[in-house]
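Heads up, model05.cif below (mmCIF, C-alpha atoms):
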```cif
data_start
loop_
_atom_site.label_atom_id
_atom_site.label_comp_id
_atom_site.auth_asym_id
_atom_site.auth_seq_id
_atom_site.Cartn_x
_atom_site.Cartn_y
_atom_site.Cartn_z
CA MET H 860 -101.60 94.46 61.04
CA PHE H 861 -101.08 98.08 61.96
CA THR H 862 -102.80 100.88 63.86
CA ILE H 863 -103.71 104.05 62.04
CA LEU H 864 -105.81 107.04 63.04
CA THR H 865 -108.63 108.09 60.72
CA ASP H 866 -109.98 111.59 60.30
CA ALA H 867 -113.28 112.77 61.86
CA ALA H 868 -115.20 111.22 58.95
CA GLY H 869 -113.53 107.84 59.52
CA THR H 870 -111.36 107.94 56.40
CA THR H 871 -107.66 107.68 55.68
CA ASP H 872 -105.52 107.42 52.56
CA ILE H 873 -102.57 105.05 52.79
CA LEU H 874 -100.50 102.88 50.46
CA VAL H 875 -100.29 99.30 51.81
CA PRO H 876 -98.10 96.57 50.27
CA ALA H 877 -100.09 93.47 49.36
CA MET H 878 -98.92 90.15 50.78
CA ALA H 879 -100.82 87.95 48.30
CA GLN H 880 -101.88 88.15 44.65
CA ASP H 881 -105.47 87.81 45.87
CA ALA H 882 -105.14 90.31 48.71
CA PHE H 883 -107.72 91.05 51.40
CA PHE H 884 -107.67 94.16 53.55
CA ILE H 885 -109.67 94.45 56.77
CA ALA H 886 -110.34 97.65 58.70
CA ALA H 887 -111.48 97.13 62.30
CA PHE H 888 -112.54 100.06 64.46
CA GLU H 889 -112.53 100.32 68.27
CA SER H 890 -116.33 100.49 68.16
CA GLY H 891 -116.49 96.99 66.68
CA ASP H 892 -117.46 98.24 63.22
CA GLY H 893 -115.32 97.33 60.27
CA ALA H 894 -114.99 96.84 56.54
CA ILE H 895 -113.29 94.45 54.17
CA THR H 896 -112.09 94.80 50.60
CA SER H 897 -109.97 92.81 48.19
CA ALA H 898 -107.59 93.52 45.34
CA GLU H 899 -106.04 91.44 42.58
CA VAL H 900 -102.28 92.05 42.51
CA PRO H 901 -100.79 89.86 39.74
CA GLU H 902 -97.63 92.05 39.69
CA LEU H 903 -96.70 90.60 43.08
CA ALA H 904 -95.25 87.62 41.18
CA ASN H 905 -92.26 89.89 40.37
CA PHE H 906 -91.40 90.68 43.99
CA ASP H 907 -90.02 89.15 47.16
CA ARG H 908 -91.55 90.65 50.28
CA ALA H 909 -90.72 90.39 53.99
CA ALA H 910 -92.96 91.82 56.72
CA LEU H 911 -92.18 92.22 60.40
CA GLN H 912 -95.05 93.11 62.72
CA TRP H 913 -95.20 93.80 66.45
CA GLN H 914 -97.02 95.82 69.07
CA GLY H 915 -95.47 98.87 70.73
CA VAL H 916 -93.08 101.62 69.71
CA ASN H 917 -89.66 100.71 68.29
CA ALA H 918 -89.70 97.17 69.66
CA VAL H 919 -88.00 95.67 66.60
CA GLN H 920 -86.60 96.71 63.21
CA LEU H 921 -86.22 94.95 59.87
CA HIS H 922 -82.87 95.39 58.08
CA ALA H 923 -81.96 94.37 54.53
CA LEU H 924 -78.34 94.30 53.40
CA GLU H 925 -78.40 94.19 49.61
CA PHE H 926 -75.57 92.75 47.47
CA GLY H 927 -73.06 92.51 50.33
CA ALA H 928 -73.73 95.94 51.84
CA ASP H 929 -72.71 96.67 55.42
CA TYR H 930 -74.70 98.61 58.00
CA ASP H 931 -74.99 102.34 57.26
CA THR H 932 -73.74 102.04 53.66
CA ASP H 933 -75.50 102.11 50.29
CA GLY H 934 -77.59 98.97 50.08
CA HIS H 935 -78.54 98.96 53.78
CA VAL H 936 -82.32 99.34 53.70
CA TRP H 937 -84.18 99.98 56.95
CA SER H 938 -86.59 102.52 58.46
CA ALA H 939 -83.93 105.28 58.58
CA SER H 940 -82.89 104.61 54.95
CA SER H 941 -85.95 103.09 53.33
CA GLY H 942 -85.03 103.17 49.64
CA GLU H 943 -87.06 104.49 46.72
CA LEU H 944 -90.50 103.33 45.62
CA ASP H 945 -90.68 104.08 41.89
CA PHE H 946 -93.85 103.13 40.01
CA VAL H 947 -92.46 104.31 36.64
CA ALA H 948 -89.03 102.69 36.30
CA PRO H 949 -88.26 99.30 37.85
CA SER H 950 -85.52 99.55 40.42
CA GLN H 951 -82.57 97.28 41.07
CA ALA H 952 -82.90 97.87 44.80
CA GLY H 953 -85.47 97.20 47.48
CA PHE H 954 -87.48 99.56 49.62
CA LEU H 955 -89.10 99.47 53.03
CA VAL H 956 -92.48 100.81 54.15
CA ARG H 957 -93.25 101.35 57.84
CA LEU H 958 -96.92 101.42 58.81
CA GLY H 959 -98.52 102.26 62.13
CA ASP H 960 -99.17 105.30 64.27
CA GLU H 961 -96.57 105.46 67.02
CA SER H 962 -98.50 108.20 68.82
CA ARG H 963 -101.18 105.69 69.89
CA ASP H 964 -100.96 103.60 73.06
CA THR H 965 -99.30 100.24 72.26
CA PRO H 966 -99.84 100.54 68.51
CA LEU H 967 -99.68 97.65 66.09
CA MET H 968 -96.70 98.31 63.79
CA VAL H 969 -95.36 96.67 60.64
CA GLU H 970 -92.36 97.13 58.37
CA VAL H 971 -92.54 95.63 54.87
CA TYR H 972 -89.40 95.21 52.74
CA THR H 973 -89.91 94.66 49.01
CA PHE H 974 -87.32 93.60 46.43
CA PRO H 975 -88.05 93.55 42.64
CA THR H 976 -86.81 89.99 42.06
CA GLY H 977 -88.51 89.75 38.65
CA THR H 978 -86.49 92.62 37.16
CA VAL H 979 -83.10 92.25 38.84
CA SER H 980 -80.20 92.50 36.39
CA ARG H 981 -77.38 91.08 38.52
CA ASP H 982 -76.67 88.06 40.65
CA GLY H 983 -76.33 88.48 44.39
CA SER H 984 -78.09 88.19 47.68
CA VAL H 985 -79.99 90.19 50.28
CA ALA H 986 -79.39 89.39 53.95
CA LEU H 987 -82.48 89.99 56.09
CA THR H 988 -82.15 90.48 59.85
CA VAL H 989 -84.27 91.70 62.73
CA GLU H 990 -82.90 93.93 65.45
CA ALA H 991 -84.46 94.55 68.83
CA GLU H 992 -83.20 97.55 70.77
CA VAL H 993 -83.32 97.36 74.55
CA THR H 994 -85.23 100.47 75.66
CA ALA H 995 -86.60 101.81 78.93
CA GLU H 996 -90.07 100.76 77.72
CA ASN H 997 -89.22 97.12 76.91
CA CYS H 998 -86.30 96.18 79.19
CA GLY H 999 -87.00 93.08 81.25
CA ARG H 1000 -90.30 92.57 79.42
CA ASP H 1001 -91.54 90.20 76.76
CA VAL H 1002 -91.55 91.46 73.16
CA ALA H 1003 -93.61 89.58 70.60
CA ALA H 1004 -93.12 89.83 66.85
CA GLN H 1005 -94.13 87.94 63.73
CA SER H 1006 -92.32 87.66 60.42
CA ILE H 1007 -94.09 86.87 57.15
CA GLN H 1008 -92.11 86.23 53.98
CA ILE H 1009 -93.39 85.71 50.46
CA ASP H 1010 -91.67 84.99 47.16
CA PRO H 1011 -92.93 84.16 43.69
CA THR H 1012 -92.17 80.42 43.91
CA SER H 1013 -93.28 79.15 47.31
CA ALA H 1014 -95.94 79.40 49.99
CA PRO H 1015 -95.72 82.23 52.55
CA ILE H 1016 -93.61 81.54 55.63
CA ALA H 1017 -94.66 82.97 59.01
CA ILE H 1018 -92.63 82.80 62.21
CA ASP H 1019 -93.88 83.93 65.63
CA LEU H 1020 -91.37 85.06 68.23
CA THR H 1021 -91.70 86.03 71.87
CA MET H 1022 -88.50 87.00 73.64
CA THR H 1023 -87.72 88.39 77.04
CA MET H 1024 -85.58 91.47 76.67
CA PRO H 1025 -82.46 91.95 78.83
CA GLU H 1026 -82.78 93.90 82.07
CA CYS H 1027 -82.70 97.71 82.12
CA ASP H 1028 -78.93 97.94 82.65
CA ALA H 1029 -78.68 96.92 78.96
CA VAL H 1030 -80.70 99.91 77.61
CA GLY H 1031 -79.22 101.03 74.29
CA GLU H 1032 -77.92 97.60 73.33
CA PHE H 1033 -79.29 95.63 70.35
CA LEU H 1034 -80.20 91.99 69.88
CA VAL H 1035 -79.74 90.75 66.29
CA LEU H 1036 -82.06 87.95 65.19
CA LYS H 1037 -80.92 86.27 61.98
CA ASN H 1038 -83.40 83.40 61.68
CA MET H 1039 -86.74 85.15 61.26
CA PHE H 1040 -86.31 85.45 57.48
CA LYS H 1041 -84.62 83.53 54.68
CA ASP H 1042 -81.97 85.58 52.87
CA LEU H 1043 -82.81 86.30 49.23
CA THR H 1044 -80.66 84.67 46.54
CA LEU H 1045 -80.98 86.66 43.32
CA ALA H 1046 -80.29 85.66 39.73
CA ALA H 1047 -80.15 88.17 36.88
CA LYS H 1048 -83.18 88.10 34.58
#
```

Taking this structure as input, can you express it in the form of C-alpha cells?
Amino acid sequence: MFTILTDAAGTTDILVPAMAQDAFFIAAFESGDGAITSAEVPELANFDRAALQWQGVNAVQLHALEFGADYDTDGHVWSASSGELDFVAPSQAGFLVRLGDESRDTPLMVEVYTFPTGTVSRDGSVALTVEAEVTAENCGRDVAAQSIQIDPTSAPIAIDLTMTMPECDAVGEFLVLKNMFKDLTLAAK
C-alpha cells in the first residue's frame, strides 16, 4: 500500500511491481470512491520479490546485499542506490522501487526489491535487512511495518512488526532488523 497524489483529473501514471501472478490493484480515494483492476503476470515466476511497507516518512528502509556485498559498495541495493530496471536485457542484479508521496501527511510508503532469480548465472546469496533510523519524528514512538516476501516456489510470507523506537537522545542511530525477510539463496540457471 502506498499514498500517491493524482492530478486534477484524478489520474496518475506509475509503474508498480506485482506481488502475485494474478495481481489485483486497488485505488482508494479520500472521498470513499475507488477502482480495482487486475493483471496476469506470468513472468513473476522468474523473480524473487521483497516488499517493506510502513506509514510515515523514512521510518524504515529495505537493504539488499547481493553476492557478499558490504554496505555502500557495488551490490548494496537500497533507496539511495536502487539498481537498474532493464526490460530489454535480463540483469544479474536486483533493483529497488520506492513508492509513496513523502510530501503528504503520514503517507503510506513501500519499498519493493526484485531479484531475477530465473535468469541468474552464478551461485550466491542476497542478504535482506531492514533498518530503522531514529529521527526527531519517530523517537520514543511506535513504528509499524510489514514485510511481504514472494518467490517462485512457495507461498508469500508476511510479517507484521511494531517496535518502540529509542528515546530522542538516540536520534541519528539505526536499528538493524535481520529477521523480517529470508535471505535469498541463488543457484545458476

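Atom pair CA of Glu1026 in chain H / CA of Ala918 in chain H: separated by 14.6 Å.
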
For Glu990 in chain H, the closest of H:Asn917, H:Thr1044, H:Thr978, H:Gln1008 counting only C-alpha atoms is H:Asn917

Leu921 in chain H proximity check over H:Glu970, H:Pro876, H:Ser962, H:Met860, using all atoms listed in the file: winner is H:Glu970

### Task
In the coordinates of the file, take the point (-89.9, 93.4, 78.4) and a cut-off of 9 Å; then, counting all atoms listed in the file, name each qualifying protein, DNA or RNA residue as a PyMOL selection string.
chain H and resi 993-994+996-1002+1022-1026

Taking (-91.2, 94.1, 67.0) in the coordinates of the supplied file, I want to know which residues reach to within 9 Å of it, counting only C-alpha atoms; could you give the answer as a compact mmCIF listing (two decimals) with C-alpha atoms, in the frame of the given file?
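Result saved to point-v7.txt:
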```txt
# COMPACT_ATOMS: atom_id res chain seq x y z
CA LEU H 911 -92.18 92.22 60.40
CA GLN H 912 -95.05 93.11 62.72
CA TRP H 913 -95.20 93.80 66.45
CA GLN H 914 -97.02 95.82 69.07
CA GLY H 915 -95.47 98.87 70.73
CA VAL H 916 -93.08 101.62 69.71
CA ASN H 917 -89.66 100.71 68.29
CA ALA H 918 -89.70 97.17 69.66
CA VAL H 919 -88.00 95.67 66.60
CA GLN H 920 -86.60 96.71 63.21
CA LEU H 921 -86.22 94.95 59.87
CA MET H 968 -96.70 98.31 63.79
CA VAL H 969 -95.36 96.67 60.64
CA VAL H 989 -84.27 91.70 62.73
CA GLU H 990 -82.90 93.93 65.45
CA ALA H 991 -84.46 94.55 68.83
CA VAL H 1002 -91.55 91.46 73.16
CA ALA H 1003 -93.61 89.58 70.60
CA ALA H 1004 -93.12 89.83 66.85
CA GLN H 1005 -94.13 87.94 63.73
```

- Of the candidates H:Phe974, H:Glu925, H:Asp933, H:Thr862, which shows the shortest atom-to-atom distance to Ala904 in chain H, using all atoms listed in the file?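 The shortest atom-to-atom distance to Ala904 in chain H comes from H:Phe974.
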